file model-v4.txt (compact mmCIF, N, CA and C atoms)
# COMPACT_ATOMS: atom_id res chain seq x y z
N MET A 862 164.86 82.89 101.57
CA MET A 862 163.55 83.11 102.14
C MET A 862 162.97 84.44 101.66
N ARG A 863 163.83 85.46 101.70
CA ARG A 863 163.38 86.80 101.30
C ARG A 863 162.96 86.80 99.83
N SER A 864 163.72 86.09 98.98
CA SER A 864 163.43 86.00 97.55
C SER A 864 162.08 85.32 97.32
N GLY A 865 161.80 84.28 98.09
CA GLY A 865 160.51 83.57 97.96
C GLY A 865 159.34 84.45 98.32
N ILE A 866 159.49 85.25 99.34
CA ILE A 866 158.43 86.16 99.75
C ILE A 866 158.19 87.21 98.68
N MET A 867 159.27 87.72 98.07
CA MET A 867 159.12 88.72 97.01
C MET A 867 158.42 88.12 95.79
N LYS A 868 158.75 86.87 95.46
CA LYS A 868 158.10 86.21 94.33
C LYS A 868 156.61 86.02 94.60
N LEU A 869 156.27 85.58 95.81
CA LEU A 869 154.87 85.41 96.17
C LEU A 869 154.13 86.73 96.15
N GLY A 870 154.78 87.77 96.63
CA GLY A 870 154.16 89.11 96.62
C GLY A 870 153.90 89.57 95.20
N SER A 871 154.86 89.36 94.31
CA SER A 871 154.70 89.73 92.90
C SER A 871 153.56 88.95 92.25
N LEU A 872 153.50 87.66 92.53
CA LEU A 872 152.43 86.83 91.98
C LEU A 872 151.07 87.31 92.49
N ALA A 873 150.99 87.65 93.76
CA ALA A 873 149.73 88.14 94.33
C ALA A 873 149.29 89.42 93.65
N ILE A 874 150.21 90.32 93.37
CA ILE A 874 149.86 91.58 92.69
C ILE A 874 149.34 91.31 91.29
N VAL A 875 150.01 90.44 90.55
CA VAL A 875 149.56 90.10 89.19
C VAL A 875 148.16 89.49 89.23
N LEU A 876 147.92 88.58 90.16
CA LEU A 876 146.59 87.96 90.26
C LEU A 876 145.52 88.98 90.63
N MET A 877 145.83 89.92 91.51
CA MET A 877 144.85 90.96 91.88
C MET A 877 144.53 91.84 90.69
N LEU A 878 145.55 92.21 89.91
CA LEU A 878 145.30 93.03 88.72
C LEU A 878 144.43 92.30 87.72
N PHE A 879 144.70 91.02 87.51
CA PHE A 879 143.89 90.23 86.59
C PHE A 879 142.44 90.15 87.08
N ALA A 880 142.25 89.91 88.37
CA ALA A 880 140.91 89.82 88.95
C ALA A 880 140.20 91.16 88.85
N ALA A 881 140.92 92.26 89.06
CA ALA A 881 140.30 93.59 89.00
C ALA A 881 139.80 93.89 87.60
N CYS A 882 140.47 93.35 86.60
CA CYS A 882 140.05 93.57 85.22
C CYS A 882 138.89 92.66 84.84
N GLY A 883 138.55 91.74 85.71
CA GLY A 883 137.44 90.84 85.43
C GLY A 883 137.79 89.76 84.44
N GLY A 884 138.99 89.81 83.88
CA GLY A 884 139.40 88.79 82.94
C GLY A 884 138.63 88.86 81.64
N GLU A 885 137.77 89.86 81.47
CA GLU A 885 136.96 89.98 80.26
C GLU A 885 137.72 90.74 79.19
N SER A 886 137.55 90.33 77.97
CA SER A 886 138.16 91.02 76.86
C SER A 886 137.08 91.82 76.15
N THR A 887 137.29 93.12 76.08
CA THR A 887 136.34 93.96 75.37
C THR A 887 137.08 94.65 74.23
N ASP A 888 136.33 95.11 73.26
CA ASP A 888 136.93 95.65 72.06
C ASP A 888 136.55 97.11 71.84
N THR A 889 137.47 97.82 71.18
CA THR A 889 137.19 99.16 70.70
C THR A 889 137.06 99.06 69.19
N ILE A 890 135.98 99.61 68.68
CA ILE A 890 135.72 99.54 67.25
C ILE A 890 135.46 100.94 66.73
N ASP A 891 135.25 101.08 65.45
CA ASP A 891 134.96 102.38 64.86
C ASP A 891 133.55 102.83 65.21
N SER A 892 133.34 104.15 65.14
CA SER A 892 132.00 104.69 65.32
C SER A 892 131.07 104.05 64.31
N GLY A 893 129.82 103.82 64.72
CA GLY A 893 128.86 103.21 63.81
C GLY A 893 127.72 102.57 64.56
N THR A 894 126.92 101.80 63.85
CA THR A 894 125.77 101.11 64.41
C THR A 894 126.00 99.61 64.30
N TYR A 895 125.76 98.91 65.42
CA TYR A 895 126.02 97.48 65.50
C TYR A 895 124.85 96.78 66.18
N GLU A 896 124.62 95.51 65.84
CA GLU A 896 123.61 94.71 66.51
C GLU A 896 124.29 93.59 67.27
N GLY A 897 123.72 93.24 68.43
CA GLY A 897 124.29 92.18 69.21
C GLY A 897 123.38 91.77 70.35
N THR A 898 123.95 91.00 71.27
CA THR A 898 123.21 90.46 72.41
C THR A 898 123.86 90.95 73.69
N ILE A 899 123.04 91.40 74.64
CA ILE A 899 123.56 91.85 75.92
C ILE A 899 124.08 90.64 76.70
N GLN A 900 125.34 90.70 77.08
CA GLN A 900 125.98 89.63 77.86
C GLN A 900 125.93 89.92 79.35
N GLU A 901 125.92 91.21 79.71
CA GLU A 901 125.91 91.60 81.12
C GLU A 901 125.36 93.00 81.25
N VAL A 902 124.61 93.23 82.34
CA VAL A 902 124.10 94.56 82.68
C VAL A 902 124.61 94.90 84.07
N ASN A 903 125.25 96.06 84.20
CA ASN A 903 125.73 96.54 85.49
C ASN A 903 125.02 97.85 85.79
N ALA A 904 123.92 97.78 86.54
CA ALA A 904 123.10 98.96 86.81
C ALA A 904 123.84 100.00 87.64
N GLU A 905 124.68 99.56 88.57
CA GLU A 905 125.41 100.49 89.43
C GLU A 905 126.33 101.40 88.63
N GLU A 906 126.88 100.90 87.54
CA GLU A 906 127.80 101.67 86.70
C GLU A 906 127.12 102.19 85.43
N SER A 907 125.83 101.92 85.25
CA SER A 907 125.13 102.25 83.99
C SER A 907 125.94 101.73 82.80
N GLU A 908 126.25 100.45 82.86
CA GLU A 908 127.14 99.83 81.90
C GLU A 908 126.53 98.54 81.37
N ILE A 909 126.75 98.27 80.07
CA ILE A 909 126.35 97.00 79.49
C ILE A 909 127.49 96.45 78.66
N TYR A 910 127.51 95.13 78.53
CA TYR A 910 128.43 94.44 77.64
C TYR A 910 127.59 93.84 76.53
N VAL A 911 127.94 94.17 75.28
CA VAL A 911 127.18 93.70 74.12
C VAL A 911 128.10 92.89 73.22
N LYS A 912 127.73 91.62 73.01
CA LYS A 912 128.49 90.74 72.12
C LYS A 912 127.98 90.97 70.71
N ILE A 913 128.86 91.47 69.82
CA ILE A 913 128.43 91.74 68.46
C ILE A 913 128.92 90.69 67.47
N SER A 914 129.83 89.82 67.91
CA SER A 914 130.28 88.70 67.08
C SER A 914 130.95 87.70 68.01
N ASP A 915 131.35 86.56 67.46
CA ASP A 915 132.02 85.55 68.28
C ASP A 915 133.31 86.09 68.90
N GLU A 916 133.94 87.05 68.24
CA GLU A 916 135.21 87.58 68.71
C GLU A 916 135.13 88.95 69.37
N GLN A 917 133.99 89.63 69.29
CA GLN A 917 133.93 91.02 69.76
C GLN A 917 132.82 91.26 70.76
N THR A 918 133.21 91.84 71.91
CA THR A 918 132.27 92.27 72.93
C THR A 918 132.55 93.72 73.25
N LEU A 919 131.52 94.54 73.25
CA LEU A 919 131.66 95.97 73.53
C LEU A 919 131.30 96.26 74.97
N GLU A 920 132.11 97.08 75.62
CA GLU A 920 131.84 97.55 76.98
C GLU A 920 131.33 98.99 76.84
N LEU A 921 130.08 99.21 77.19
CA LEU A 921 129.45 100.52 76.97
C LEU A 921 128.96 101.13 78.28
N TYR A 922 129.52 102.28 78.64
CA TYR A 922 129.07 103.04 79.80
C TYR A 922 128.13 104.13 79.29
N PHE A 923 126.91 104.12 79.77
CA PHE A 923 125.94 105.11 79.34
C PHE A 923 126.41 106.51 79.74
N ILE A 924 126.19 107.48 78.86
CA ILE A 924 126.50 108.87 79.12
C ILE A 924 125.17 109.63 79.19
N ASP A 925 125.23 110.89 79.60
CA ASP A 925 123.99 111.69 79.73
C ASP A 925 123.20 111.74 78.43
N GLU A 926 123.90 111.69 77.30
CA GLU A 926 123.24 111.82 76.00
C GLU A 926 122.71 110.50 75.44
N THR A 927 122.99 109.37 76.11
CA THR A 927 122.56 108.07 75.59
C THR A 927 121.04 107.97 75.57
N GLU A 928 120.51 107.63 74.41
CA GLU A 928 119.07 107.38 74.24
C GLU A 928 118.84 105.89 74.37
N LEU A 929 117.89 105.48 75.20
CA LEU A 929 117.52 104.08 75.33
C LEU A 929 116.06 103.94 74.93
N VAL A 930 115.81 103.15 73.87
CA VAL A 930 114.46 103.06 73.33
C VAL A 930 114.06 101.62 73.05
N LYS A 931 112.75 101.41 73.06
CA LYS A 931 112.15 100.16 72.61
C LYS A 931 110.91 100.55 71.84
N ASP A 932 110.81 100.08 70.61
CA ASP A 932 109.68 100.44 69.73
C ASP A 932 109.50 101.95 69.65
N THR A 933 110.58 102.68 69.47
CA THR A 933 110.65 104.14 69.35
C THR A 933 110.23 104.91 70.61
N THR A 934 110.00 104.21 71.73
CA THR A 934 109.62 104.86 72.98
C THR A 934 110.79 104.81 73.95
N ALA A 935 111.07 105.94 74.60
CA ALA A 935 112.14 105.97 75.60
C ALA A 935 111.78 105.07 76.77
N VAL A 936 112.76 104.29 77.25
CA VAL A 936 112.55 103.38 78.37
C VAL A 936 113.68 103.57 79.38
N PRO A 937 113.46 103.19 80.66
CA PRO A 937 114.51 103.34 81.68
C PRO A 937 115.59 102.26 81.55
N PHE A 938 116.74 102.51 82.17
CA PHE A 938 117.87 101.60 82.12
C PHE A 938 117.50 100.20 82.62
N ASP A 939 116.61 100.13 83.61
CA ASP A 939 116.25 98.81 84.16
C ASP A 939 115.42 97.97 83.19
N SER A 940 115.16 98.49 82.00
CA SER A 940 114.49 97.71 80.95
C SER A 940 115.46 96.75 80.27
N LEU A 941 116.76 96.96 80.50
CA LEU A 941 117.79 96.12 79.87
C LEU A 941 117.98 94.83 80.66
N ALA A 942 118.21 93.73 79.93
CA ALA A 942 118.43 92.43 80.58
C ALA A 942 119.38 91.59 79.74
N THR A 943 120.09 90.72 80.42
CA THR A 943 120.99 89.79 79.75
C THR A 943 120.20 88.95 78.74
N GLY A 944 120.77 88.77 77.57
CA GLY A 944 120.15 87.95 76.54
C GLY A 944 119.33 88.74 75.53
N GLN A 945 119.05 90.02 75.82
CA GLN A 945 118.27 90.82 74.88
C GLN A 945 119.09 91.16 73.64
N LYS A 946 118.41 91.21 72.51
CA LYS A 946 119.02 91.68 71.27
C LYS A 946 118.89 93.21 71.25
N VAL A 947 119.99 93.88 70.89
CA VAL A 947 119.99 95.33 70.84
C VAL A 947 120.71 95.82 69.60
N ARG A 948 120.39 97.05 69.22
CA ARG A 948 121.12 97.76 68.18
C ARG A 948 121.74 98.97 68.88
N VAL A 949 123.05 99.13 68.76
CA VAL A 949 123.72 100.23 69.44
C VAL A 949 124.41 101.14 68.42
N GLU A 950 124.24 102.42 68.63
CA GLU A 950 124.96 103.41 67.85
C GLU A 950 126.03 103.97 68.77
N VAL A 951 127.29 103.81 68.38
CA VAL A 951 128.39 104.22 69.24
C VAL A 951 129.28 105.24 68.54
N GLU A 952 129.91 106.06 69.37
CA GLU A 952 130.88 107.03 68.88
C GLU A 952 132.20 106.75 69.58
N LYS A 953 133.25 106.55 68.79
CA LYS A 953 134.56 106.30 69.36
C LYS A 953 135.18 107.63 69.78
N VAL A 954 135.55 107.70 71.07
CA VAL A 954 136.19 108.89 71.63
C VAL A 954 137.49 108.42 72.27
N GLY A 955 138.60 108.57 71.55
CA GLY A 955 139.86 108.00 72.01
C GLY A 955 139.76 106.49 72.02
N GLN A 956 140.02 105.85 73.17
CA GLN A 956 139.89 104.40 73.30
C GLN A 956 138.52 104.00 73.85
N ARG A 957 137.66 104.96 74.11
CA ARG A 957 136.35 104.72 74.71
C ARG A 957 135.26 104.72 73.64
N LEU A 958 134.22 103.94 73.89
CA LEU A 958 133.03 103.94 73.02
C LEU A 958 131.88 104.55 73.80
N ASP A 959 131.33 105.65 73.31
CA ASP A 959 130.16 106.26 73.94
C ASP A 959 128.91 105.79 73.20
N PRO A 960 127.98 105.15 73.91
CA PRO A 960 126.73 104.75 73.26
C PRO A 960 125.81 105.96 73.11
N LEU A 961 125.50 106.33 71.88
CA LEU A 961 124.60 107.45 71.64
C LEU A 961 123.15 107.01 71.68
N ARG A 962 122.91 105.79 71.17
CA ARG A 962 121.55 105.25 71.13
C ARG A 962 121.63 103.73 71.32
N VAL A 963 120.77 103.21 72.19
CA VAL A 963 120.64 101.77 72.38
C VAL A 963 119.17 101.45 72.16
N GLU A 964 118.91 100.59 71.19
CA GLU A 964 117.53 100.19 70.87
C GLU A 964 117.34 98.73 71.21
N ILE A 965 116.38 98.45 72.08
CA ILE A 965 116.04 97.07 72.43
C ILE A 965 115.22 96.50 71.28
N LEU A 966 115.67 95.39 70.70
CA LEU A 966 115.01 94.82 69.54
C LEU A 966 113.98 93.75 69.89
N GLU A 967 114.09 93.15 71.08
CA GLU A 967 113.11 92.12 71.45
C GLU A 967 112.69 92.26 72.88
call {"tool": "encode", "arguments": {"input": "model-v4.txt", "output": "structure tokens"}}
result
Amino acid sequence: MRSGIMKLGSLAIVLMLFAACGGESTDTIDSGTYEGTIQEVNAEESEIYVKISDEQTLELYFIDETELVKDTTAVPFDSLATGQKVRVEVEKVGQRLDPLRVEILE
């Protein structure tokens, strides 16, 4: 009985960790400029997910230095929406990608 409870407890912990990670796979790539489509916008975290290919999705947390523009004009974060095409300039800092510039293309 005790062994069964421990197994269930272990399974519960694994499932909670998987759920906490959202089950999403994001990628770390080299510094550079990439184009893609916004898959998700999280305004509370100032975060966006940008799909740049069938296999790669970038998780980008805006930093104080992030420039957000449309047609060369600065725009607020709430201008971002799922499905928009964007061009992102990112800098790799360790395992993190810092978005330096996000340009809304459409």
call {"tool": "closest_residue", "arguments": {"input": "model-v4.txt", "among": "A:Glu896, A:Asp891, A:Glu926, A:Glu901", "to": "Val949 in chain A", "atoms": "only C-alpha atoms"}}
result
A:Glu896
call {"tool": "atom_distance", "arguments": {"input": "model-v4.txt", "atom1": "CA of Lys953 in chain A", "atom2": "CA of Leu966 in chain A"}}
result
22.7 Å
call {"tool": "closest_residue", "arguments": {"input": "model-v4.txt", "among": "A:Lys912, A:Val936, A:Ile924, A:Val930", "to": "Ile965 in chain A", "atoms": "only N, CA and C atoms"}}
result
A:Val930
call {"tool": "closest_residue", "arguments": {"input": "model-v4.txt", "among": "A:Leu958, A:Val911, A:Pro937, A:Gly897", "to": "Phe923 in chain A", "atoms": "all atoms listed in the file"}}
result
A:Leu958
call {"tool": "atom_distance", "arguments": {"input": "model-v4.txt", "atom1": "CA of Gln956 in chain A", "atom2": "CA of Thr933 in chain A"}}
result
29.5 Å
call {"tool": "residues_around", "arguments": {"input": "model-v4.txt", "residues": "Asp888 in chain A", "least_positions_apart": "5", "cutoff": "7 Å", "atoms": "only C-alpha atoms", "output": "NGL selection string"}}
result
:A and (917-919)
call {"tool": "closest_residue", "arguments": {"input": "model-v4.txt", "among": "A:Val902, A:Val963, A:Val954, A:Ile913", "to": "Lys931 in chain A", "atoms": "only C-alpha atoms"}}
result
A:Val963
call {"tool": "atom_distance", "arguments": {"input": "model-v4.txt", "atom1": "atom C of Thr889 in chain A", "atom2": "CA of Thr934 in chain A"}}
result
28.3 Å
call {"tool": "closest_residue", "arguments": {"input": "model-v4.txt", "among": "A:Leu941, A:Val951, A:Ala904, A:Leu961", "to": "Ser892 in chain A", "atoms": "all atoms listed in the file"}}
result
A:Val951
call {"tool": "residues_near_point", "arguments": {"input": "model-v4.txt", "point": "(125.4, 92.9, 81.7)", "cutoff": "7 Å", "atoms": "all atoms listed in the file", "output": "MDAnalysis selection string"}}
result
chainID A and resid 899:903 908:910 942:943
call {"tool": "write_last_selection", "arguments": {"input": "model-v4.txt", "atoms": "N, CA and C atoms", "output": "compact mmCIF listing (two decimals), in the coordinates of the input"}}
result
# COMPACT_ATOMS: atom_id res chain seq x y z
N ILE A 899 123.04 91.40 74.64
CA ILE A 899 123.56 91.85 75.92
C ILE A 899 124.08 90.64 76.70
N GLN A 900 125.34 90.70 77.08
CA GLN A 900 125.98 89.63 77.86
C GLN A 900 125.93 89.92 79.35
N GLU A 901 125.92 91.21 79.71
CA GLU A 901 125.91 91.60 81.12
C GLU A 901 125.36 93.00 81.25
N VAL A 902 124.61 93.23 82.34
CA VAL A 902 124.10 94.56 82.68
C VAL A 902 124.61 94.90 84.07
N ASN A 903 125.25 96.06 84.20
CA ASN A 903 125.73 96.54 85.49
C ASN A 903 125.02 97.85 85.79
N GLU A 908 126.25 100.45 82.86
CA GLU A 908 127.14 99.83 81.90
C GLU A 908 126.53 98.54 81.37
N ILE A 909 126.75 98.27 80.07
CA ILE A 909 126.35 97.00 79.49
C ILE A 909 127.49 96.45 78.66
N TYR A 910 127.51 95.13 78.53
CA TYR A 910 128.43 94.44 77.64
C TYR A 910 127.59 93.84 76.53
N ALA A 942 118.21 93.73 79.93
CA ALA A 942 118.43 92.43 80.58
C ALA A 942 119.38 91.59 79.74
N THR A 943 120.09 90.72 80.42
CA THR A 943 120.99 89.79 79.75
C THR A 943 120.20 88.95 78.74
